[in-house]
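As provided, run_20.pdb (PDB, C-alpha atoms) reads as follows.
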MODEL        1
ATOM      1  CA  MET V 106       2.964 -25.919 -14.454  1.00  0.00           C
ATOM      2  CA  ASP V 107       5.014 -24.958 -17.501  1.00  0.00           C
ATOM      3  CA  SER V 108       8.491 -23.922 -16.326  1.00  0.00           C
ATOM      4  CA  SER V 109       8.467 -20.976 -18.763  1.00  0.00           C
ATOM      5  CA  TYR V 110       5.675 -19.370 -16.679  1.00  0.00           C
ATOM      6  CA  VAL V 111       7.763 -19.765 -13.545  1.00  0.00           C
ATOM      7  CA  LYS V 112      10.737 -18.156 -15.271  1.00  0.00           C
ATOM      8  CA  ILE V 113       8.598 -15.256 -16.526  1.00  0.00           C
ATOM      9  CA  ILE V 114       6.972 -14.516 -13.171  1.00  0.00           C
ATOM     10  CA  ASN V 115      10.326 -14.698 -11.377  1.00  0.00           C
ATOM     11  CA  GLU V 116      11.820 -12.320 -13.934  1.00  0.00           C
ATOM     12  CA  ILE V 117       8.952  -9.845 -13.584  1.00  0.00           C
ATOM     13  CA  ILE V 118       9.173  -9.892  -9.779  1.00  0.00           C
ATOM     14  CA  HIS V 119      12.955  -9.415  -9.828  1.00  0.00           C
ATOM     15  CA  ASN V 120      12.704  -6.559 -12.360  1.00  0.00           C
ATOM     16  CA  ARG V 121       9.947  -4.673 -10.514  1.00  0.00           C
ATOM     17  CA  LYS V 122      11.098  -1.272  -9.310  1.00  0.00           C
ATOM     18  CA  SER V 123       9.797   2.193  -8.611  1.00  0.00           C
ATOM     19  CA  VAL V 124      10.358   4.510 -11.555  1.00  0.00           C
ATOM     20  CA  TYR V 125       9.754   8.141 -10.658  1.00  0.00           C
ATOM     21  CA  PRO V 126       7.900  10.678 -12.837  1.00  0.00           C
ATOM     22  CA  LYS V 127      11.094  12.647 -13.601  1.00  0.00           C
ATOM     23  CA  ASN V 128      12.135   9.642 -15.754  1.00  0.00           C
ATOM     24  CA  TYR V 129       8.896   9.414 -17.771  1.00  0.00           C
ATOM     25  CA  ILE V 130       8.696  10.261 -21.458  1.00  0.00           C
ATOM     26  CA  ASP V 131       5.785  11.816 -23.320  1.00  0.00           C
ATOM     27  CA  LYS V 132       4.070   8.649 -24.526  1.00  0.00           C
ATOM     28  CA  GLU V 133       0.447   7.741 -23.955  1.00  0.00           C
ATOM     29  CA  ILE V 134      -0.535   4.637 -22.024  1.00  0.00           C
ATOM     30  CA  SER V 135      -3.560   3.123 -23.740  1.00  0.00           C
ATOM     31  CA  GLU V 136      -6.858   2.818 -21.921  1.00  0.00           C
ATOM     32  CA  LEU V 137      -6.711  -0.934 -22.598  1.00  0.00           C
ATOM     33  CA  VAL V 138      -3.402  -1.251 -20.701  1.00  0.00           C
ATOM     34  CA  ILE V 139      -4.679   0.871 -17.795  1.00  0.00           C
ATOM     35  CA  LYS V 140      -7.770  -1.345 -17.565  1.00  0.00           C
ATOM     36  CA  GLN V 141      -5.541  -4.437 -17.524  1.00  0.00           C
ATOM     37  CA  VAL V 142      -3.463  -2.930 -14.708  1.00  0.00           C
ATOM     38  CA  LEU V 143      -6.667  -2.363 -12.722  1.00  0.00           C
ATOM     39  CA  GLU V 144      -8.138  -5.784 -13.581  1.00  0.00           C
ATOM     40  CA  ASN V 145      -4.986  -7.427 -12.252  1.00  0.00           C
ATOM     41  CA  ALA V 146      -5.133  -5.244  -9.136  1.00  0.00           C
ATOM     42  CA  CYS V 147      -8.598  -6.628  -8.454  1.00  0.00           C
ATOM     43  CA  ARG V 148      -7.173 -10.178  -8.350  1.00  0.00           C
ATOM     44  CA  ALA V 149      -5.368  -9.482  -5.064  1.00  0.00           C
ATOM     45  CA  PRO V 150      -6.188 -11.556  -1.981  1.00  0.00           C
ATOM     46  CA  THR V 151      -9.070 -10.188   0.054  1.00  0.00           C
ATOM     47  CA  HIS V 152     -10.334 -11.631   3.342  1.00  0.00           C
ATOM     48  CA  LYS V 153     -14.095 -12.264   3.317  1.00  0.00           C
ATOM     49  CA  LEU V 154     -14.095 -10.875  -0.244  1.00  0.00           C
ATOM     50  CA  THR V 155     -14.434  -7.306   0.988  1.00  0.00           C
ATOM     51  CA  GLU V 156     -12.454  -6.165  -2.109  1.00  0.00           C
ATOM     52  CA  PRO V 157     -11.602  -2.862  -0.380  1.00  0.00           C
ATOM     53  CA  TRP V 158      -9.644  -1.297  -3.264  1.00  0.00           C
ATOM     54  CA  ARG V 159     -11.097   1.647  -5.149  1.00  0.00           C
ATOM     55  CA  PHE V 160      -9.393   3.510  -7.976  1.00  0.00           C
ATOM     56  CA  LYS V 161      -9.767   7.002  -9.427  1.00  0.00           C
ATOM     57  CA  VAL V 162      -8.025   7.271 -12.816  1.00  0.00           C
ATOM     58  CA  ILE V 163      -6.598  10.713 -13.583  1.00  0.00           C
ATOM     59  CA  ARG V 164      -5.514  11.421 -17.174  1.00  0.00           C
ATOM     60  CA  GLY V 165      -5.399  14.217 -19.713  1.00  0.00           C
ATOM     61  CA  ASN V 166      -6.447  17.649 -18.421  1.00  0.00           C
ATOM     62  CA  GLN V 167      -7.262  16.163 -15.016  1.00  0.00           C
ATOM     63  CA  ARG V 168      -3.495  15.895 -14.410  1.00  0.00           C
ATOM     64  CA  ALA V 169      -3.193  19.702 -14.521  1.00  0.00           C
ATOM     65  CA  GLU V 170      -6.153  19.986 -12.157  1.00  0.00           C
ATOM     66  CA  LEU V 171      -4.466  17.544  -9.756  1.00  0.00           C
ATOM     67  CA  SER V 172      -1.210  19.496 -10.076  1.00  0.00           C
ATOM     68  CA  ASN V 173      -2.935  22.761  -9.137  1.00  0.00           C
ATOM     69  CA  PHE V 174      -4.933  21.102  -6.361  1.00  0.00           C
ATOM     70  CA  LEU V 175      -1.881  19.529  -4.691  1.00  0.00           C
ATOM     71  CA  ALA V 176       0.221  22.699  -4.954  1.00  0.00           C
ATOM     72  CA  ASP V 177      -2.567  24.989  -3.702  1.00  0.00           C
ATOM     73  CA  LYS V 178      -3.494  22.630  -0.855  1.00  0.00           C
ATOM     74  CA  TYR V 179       0.166  22.331   0.187  1.00  0.00           C
ATOM     75  CA  LYS V 180       0.589  26.117   0.167  1.00  0.00           C
ATOM     76  CA  LYS V 181      -2.545  26.529   2.274  1.00  0.00           C
ATOM     77  CA  LEU V 182      -1.661  23.830   4.839  1.00  0.00           C
ATOM     78  CA  PHE V 183       2.093  24.340   5.137  1.00  0.00           C
ATOM     79  CA  SER V 184       3.012  27.970   5.527  1.00  0.00           C
ATOM     80  CA  GLY V 185       5.907  29.765   7.174  1.00  0.00           C
ATOM     81  CA  GLU V 186       8.711  27.531   8.444  1.00  0.00           C
ATOM     82  CA  ASN V 187       6.885  24.379   7.339  1.00  0.00           C
ATOM     83  CA  PHE V 188       6.736  25.475   3.704  1.00  0.00           C
ATOM     84  CA  SER V 189       9.286  23.981   1.310  1.00  0.00           C
ATOM     85  CA  GLU V 190       9.586  25.537  -2.144  1.00  0.00           C
ATOM     86  CA  SER V 191      11.093  22.320  -3.546  1.00  0.00           C
ATOM     87  CA  LYS V 192       8.209  20.211  -2.129  1.00  0.00           C
ATOM     88  CA  TYR V 193       5.719  22.701  -3.574  1.00  0.00           C
ATOM     89  CA  LYS V 194       7.319  22.480  -7.038  1.00  0.00           C
ATOM     90  CA  SER V 195       7.535  18.685  -6.842  1.00  0.00           C
ATOM     91  CA  LEU V 196       3.825  18.412  -6.052  1.00  0.00           C
ATOM     92  CA  GLN V 197       3.133  20.713  -9.000  1.00  0.00           C
ATOM     93  CA  GLN V 198       5.330  18.822 -11.476  1.00  0.00           C
ATOM     94  CA  LYS V 199       4.742  15.125 -10.731  1.00  0.00           C
ATOM     95  CA  PRO V 200       1.176  14.927 -12.100  1.00  0.00           C
ATOM     96  CA  LEU V 201       2.245  16.737 -15.273  1.00  0.00           C
ATOM     97  CA  LEU V 202       5.162  14.351 -15.883  1.00  0.00           C
ATOM     98  CA  ALA V 203       3.034  11.208 -15.536  1.00  0.00           C
ATOM     99  CA  ASN V 204       0.773   9.992 -18.319  1.00  0.00           C
ATOM    100  CA  CYS V 205      -1.655   8.517 -15.831  1.00  0.00           C
ATOM    101  CA  ILE V 206      -2.162   8.838 -12.087  1.00  0.00           C
ATOM    102  CA  ILE V 207      -4.383   6.498 -10.142  1.00  0.00           C
ATOM    103  CA  ALA V 208      -5.655   7.522  -6.728  1.00  0.00           C
ATOM    104  CA  ILE V 209      -5.427   4.365  -4.633  1.00  0.00           C
ATOM    105  CA  ASN V 210      -8.329   4.324  -2.229  1.00  0.00           C
ATOM    106  CA  MET V 211      -9.686   1.915   0.343  1.00  0.00           C
ATOM    107  CA  GLN V 212     -13.373   1.378   1.051  1.00  0.00           C
ATOM    108  CA  ARG V 213     -13.710   0.015   4.563  1.00  0.00           C
ATOM    109  CA  ASP V 214     -16.144  -2.888   4.942  1.00  0.00           C
ATOM    110  CA  PRO V 215     -19.274  -1.207   6.402  1.00  0.00           C
ATOM    111  CA  ALA V 216     -19.840  -4.184   8.735  1.00  0.00           C
ATOM    112  CA  GLU V 217     -16.157  -4.089   9.841  1.00  0.00           C
ATOM    113  CA  ARG V 218     -16.057  -7.889   9.718  1.00  0.00           C
ATOM    114  CA  ILE V 219     -12.262  -7.844   9.565  1.00  0.00           C
ATOM    115  CA  PRO V 220      -9.603  -5.576  11.077  1.00  0.00           C
ATOM    116  CA  GLU V 221      -8.787  -2.442   9.087  1.00  0.00           C
ATOM    117  CA  TRP V 222      -5.130  -3.497   8.703  1.00  0.00           C
ATOM    118  CA  GLU V 223      -6.261  -6.519   6.664  1.00  0.00           C
ATOM    119  CA  GLU V 224      -8.093  -4.270   4.224  1.00  0.00           C
ATOM    120  CA  ILE V 225      -5.071  -1.967   3.992  1.00  0.00           C
ATOM    121  CA  ALA V 226      -2.944  -5.065   3.322  1.00  0.00           C
ATOM    122  CA  SER V 227      -5.362  -6.136   0.559  1.00  0.00           C
ATOM    123  CA  VAL V 228      -5.045  -2.739  -1.088  1.00  0.00           C
ATOM    124  CA  ALA V 229      -1.240  -2.986  -0.833  1.00  0.00           C
ATOM    125  CA  MET V 230      -1.368  -6.400  -2.522  1.00  0.00           C
ATOM    126  CA  ALA V 231      -3.536  -4.893  -5.265  1.00  0.00           C
ATOM    127  CA  VAL V 232      -0.861  -2.223  -5.741  1.00  0.00           C
ATOM    128  CA  GLN V 233       1.816  -4.929  -5.984  1.00  0.00           C
ATOM    129  CA  ASN V 234      -0.226  -6.495  -8.803  1.00  0.00           C
ATOM    130  CA  MET V 235      -0.295  -3.061 -10.460  1.00  0.00           C
ATOM    131  CA  TYR V 236       3.493  -2.788 -10.133  1.00  0.00           C
ATOM    132  CA  LEU V 237       4.007  -6.250 -11.636  1.00  0.00           C
ATOM    133  CA  THR V 238       1.634  -5.558 -14.525  1.00  0.00           C
ATOM    134  CA  CYS V 239       3.369  -2.259 -15.276  1.00  0.00           C
ATOM    135  CA  THR V 240       6.721  -4.077 -15.198  1.00  0.00           C
ATOM    136  CA  ALA V 241       5.418  -6.612 -17.727  1.00  0.00           C
ATOM    137  CA  TYR V 242       4.345  -3.726 -20.017  1.00  0.00           C
ATOM    138  CA  ASN V 243       7.641  -1.821 -19.501  1.00  0.00           C
ATOM    139  CA  ILE V 244       5.775   1.034 -17.863  1.00  0.00           C
ATOM    140  CA  GLY V 245       7.389   2.917 -15.015  1.00  0.00           C
ATOM    141  CA  CYS V 246       5.323   3.372 -11.889  1.00  0.00           C
ATOM    142  CA  TYR V 247       5.609   4.714  -8.378  1.00  0.00           C
ATOM    143  CA  TRP V 248       3.295   4.613  -5.329  1.00  0.00           C
ATOM    144  CA  SER V 249       3.467   7.966  -3.556  1.00  0.00           C
ATOM    145  CA  THR V 250       1.917   8.534  -0.143  1.00  0.00           C
ATOM    146  CA  PRO V 251       2.053  12.299   0.379  1.00  0.00           C
ATOM    147  CA  LYS V 252       0.514  13.819   3.490  1.00  0.00           C
ATOM    148  CA  LEU V 253      -1.965  15.483   1.143  1.00  0.00           C
ATOM    149  CA  LYS V 254      -3.520  12.069   0.393  1.00  0.00           C
ATOM    150  CA  ASP V 255      -5.805  12.788   3.339  1.00  0.00           C
ATOM    151  CA  CYS V 256      -7.209  15.761   1.403  1.00  0.00           C
ATOM    152  CA  MET V 257      -7.989  13.869  -1.812  1.00  0.00           C
ATOM    153  CA  ASN V 258     -11.707  13.773  -1.013  1.00  0.00           C
ATOM    154  CA  ASP V 259     -11.604  17.517  -1.767  1.00  0.00           C
ATOM    155  CA  PHE V 260     -10.341  16.677  -5.276  1.00  0.00           C
ATOM    156  CA  CYS V 261     -12.535  13.723  -6.214  1.00  0.00           C
ATOM    157  CA  GLU V 262     -15.766  12.472  -4.749  1.00  0.00           C
ATOM    158  CA  MET V 263     -15.452   9.508  -2.412  1.00  0.00           C
ATOM    159  CA  ALA V 264     -18.055   7.278  -0.828  1.00  0.00           C
ATOM    160  CA  GLU V 265     -18.611   7.275   2.912  1.00  0.00           C
ATOM    161  CA  GLY V 266     -15.821   5.282   4.568  1.00  0.00           C
ATOM    162  CA  GLU V 267     -13.533   5.573   1.523  1.00  0.00           C
ATOM    163  CA  LYS V 268     -10.091   7.077   1.998  1.00  0.00           C
ATOM    164  CA  CYS V 269      -7.045   7.663  -0.148  1.00  0.00           C
ATOM    165  CA  LEU V 270      -3.923   5.603   0.571  1.00  0.00           C
ATOM    166  CA  GLY V 271      -1.766   7.284  -2.057  1.00  0.00           C
ATOM    167  CA  LEU V 272      -1.214   8.139  -5.693  1.00  0.00           C
ATOM    168  CA  PHE V 273       0.112   5.669  -8.266  1.00  0.00           C
ATOM    169  CA  TYR V 274       2.059   7.495 -10.984  1.00  0.00           C
ATOM    170  CA  MET V 275       2.560   5.750 -14.346  1.00  0.00           C
ATOM    171  CA  GLY V 276       4.587   6.566 -17.463  1.00  0.00           C
ATOM    172  CA  TYR V 277       6.757   5.011 -20.119  1.00  0.00           C
ATOM    173  CA  TYR V 278      10.491   5.565 -19.761  1.00  0.00           C
ATOM    174  CA  GLU V 279      13.610   4.997 -21.862  1.00  0.00           C
ATOM    175  CA  LYS V 280      16.474   5.623 -19.452  1.00  0.00           C
ATOM    176  CA  GLU V 281      17.969   2.528 -17.817  1.00  0.00           C
ATOM    177  CA  ILE V 282      16.883   2.464 -14.184  1.00  0.00           C
ATOM    178  CA  PRO V 283      19.303   0.467 -12.030  1.00  0.00           C
ATOM    179  CA  SER V 284      17.879  -2.214  -9.772  1.00  0.00           C
ATOM    180  CA  ILE V 285      18.413  -1.721  -6.080  1.00  0.00           C
ATOM    181  CA  LYS V 286      20.414  -4.459  -4.441  1.00  0.00           C
ATOM    182  CA  ARG V 287      18.510  -6.347  -1.769  1.00  0.00           C
ATOM    183  CA  ALA V 288      19.980  -7.944   1.338  1.00  0.00           C
ATOM    184  CA  PRO V 289      20.349 -11.718   1.018  1.00  0.00           C
ATOM    185  CA  LEU V 290      17.465 -13.985   1.998  1.00  0.00           C
ATOM    186  CA  LYS V 291      19.591 -15.609   4.710  1.00  0.00           C
ATOM    187  CA  ASP V 292      19.565 -12.284   6.593  1.00  0.00           C
ATOM    188  CA  LYS V 293      15.752 -12.259   6.691  1.00  0.00           C
ATOM    189  CA  SER V 294      14.729 -15.880   7.124  1.00  0.00           C
ATOM    190  CA  ASN V 295      14.981 -18.471   9.809  1.00  0.00           C
ATOM    191  CA  TRP V 296      14.101 -22.059   8.888  1.00  0.00           C
ATOM    192  CA  LEU V 297      12.684 -23.921  11.892  1.00  0.00           C
TER     193      LEU V 297
ENDMDL
END
Please re-express this file's structure in structure tokens.
Amino acid sequence: MDSSYVKIINEIIHNRKSVYPKNYIDKEISELVIKQVLENACRAPTHKLTEPWRFKVIRGNQRAELSNFLADKYKKLFSGENFSESKYKSLQQKPLLANCIIAINMQRDPAERIPEWEEIASVAMAVQNMYLTCTAYNIGCYWSTPKLKDCMNDFCEMAEGEKCLGLFYMGYYEKEIPSIKRAPLKDKSNWL
């Protein structure tokens, strides 16, 4: 394999990071780029080819609808002592700051030929492909798993057995986002 490909993939992996909506700028992500992000997601490993990932793309005016839905649902479910004004405002603002939000869903294999954790792992690998593709395009992204993800079927129609595993926020950014230092490999590996 050409060593330049190895260098590029290593660079993309090392530069991948979560970039939160508060850092996004008002710049549209083209439909072509979003489709490429999703195409690459669909190349993730999948046992028995169950391809459990499902995606709901939320753009334009739908972002305001998601904003209202999340805020209203939070207010309804978390009242009194459990209510946090800052959490409420955050749920309201995040969808409006992102240019695109993708609901990350999993469709369980109807025959349940493999354990559920393997299908969740496949979806997570699809999300990693989304992260890497966004990194290559210099698009910030962030996988959020709010408690309200379990209510997403009230926002968008889902098939039987489909459930939301989180929201993937995307947006261009200009501000330098520092990389987070990782512990050395020697602390996490044992060569037998």
Practice task
Mind giving me the straight-line distance from CA of Leu143 in chain V to CA of Ala203 in chain V in Å, one decimal?
Solution key: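 CA of Ala203 in chain V lies at a distance of 16.9 Å from CA of Leu143 in chain V.
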Exercise for the section: Choose the residue, out of V:Gln197, V:Cys147, V:Ala226, V:Lys268, that has the smallest atom-to-atom separation from Pro126 in chain V; count all atoms listed in the file. Expected result: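 Ranking V:Gln197, V:Cys147, V:Ala226, V:Lys268 by distance to Pro126 in chain V, first place goes to V:Gln197.
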Handout entry: Length of the CA of Pro157 in chain V to CA of Gln212 in chain V vector [Å]
Key =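 Separation between CA of Pro157 in chain V and CA of Gln212 in chain V: 4.8 Å.
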Practice task
Decode the PyMOL selection byres ((chain V and resi 177) around 12) for the given file into explicit residues and return them as a PyMOL selection string.
Solution key: chain V and resi 170-176+178-184+188+192-194+196-197+253+256+259-260
Restrict the selected residues to C-alpha atoms and save them as a CSV table (one decimal), in the coordinates of the input.
chain,number,residue,atom,x,y,z
V,170,GLU,CA,-6.2,20.0,-12.2
V,171,LEU,CA,-4.5,17.5,-9.8
V,172,SER,CA,-1.2,19.5,-10.1
V,173,ASN,CA,-2.9,22.8,-9.1
V,174,PHE,CA,-4.9,21.1,-6.4
V,175,LEU,CA,-1.9,19.5,-4.7
V,176,ALA,CA,0.2,22.7,-5.0
V,178,LYS,CA,-3.5,22.6,-0.9
V,179,TYR,CA,0.2,22.3,0.2
V,180,LYS,CA,0.6,26.1,0.2
V,181,LYS,CA,-2.5,26.5,2.3
V,182,LEU,CA,-1.7,23.8,4.8
V,183,PHE,CA,2.1,24.3,5.1
V,184,SER,CA,3.0,28.0,5.5
V,188,PHE,CA,6.7,25.5,3.7
V,192,LYS,CA,8.2,20.2,-2.1
V,193,TYR,CA,5.7,22.7,-3.6
V,194,LYS,CA,7.3,22.5,-7.0
V,196,LEU,CA,3.8,18.4,-6.1
V,197,GLN,CA,3.1,20.7,-9.0
V,253,LEU,CA,-2.0,15.5,1.1
V,256,CYS,CA,-7.2,15.8,1.4
V,259,ASP,CA,-11.6,17.5,-1.8
V,260,PHE,CA,-10.3,16.7,-5.3
Problem - Residues selected by the PyMOL selection byres ((chain V and resi 152) around 12), written as a PyMOL selection string - result: chain V and resi 149-151+153-157+214+217-228+230
Handout entry: Using all atoms listed in the file: which of V:Lys280, V:Lys293, V:Lys286, V:Arg164 has the shortest distance to Val124 in chain V
Key = V:Lys280
Practice task
Between CA of Met275 in chain V and CA of Cys205 in chain V, measure the distance and give it in Å to one decimal.
Solution key: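 Those two atoms sit 5.3 Å apart.
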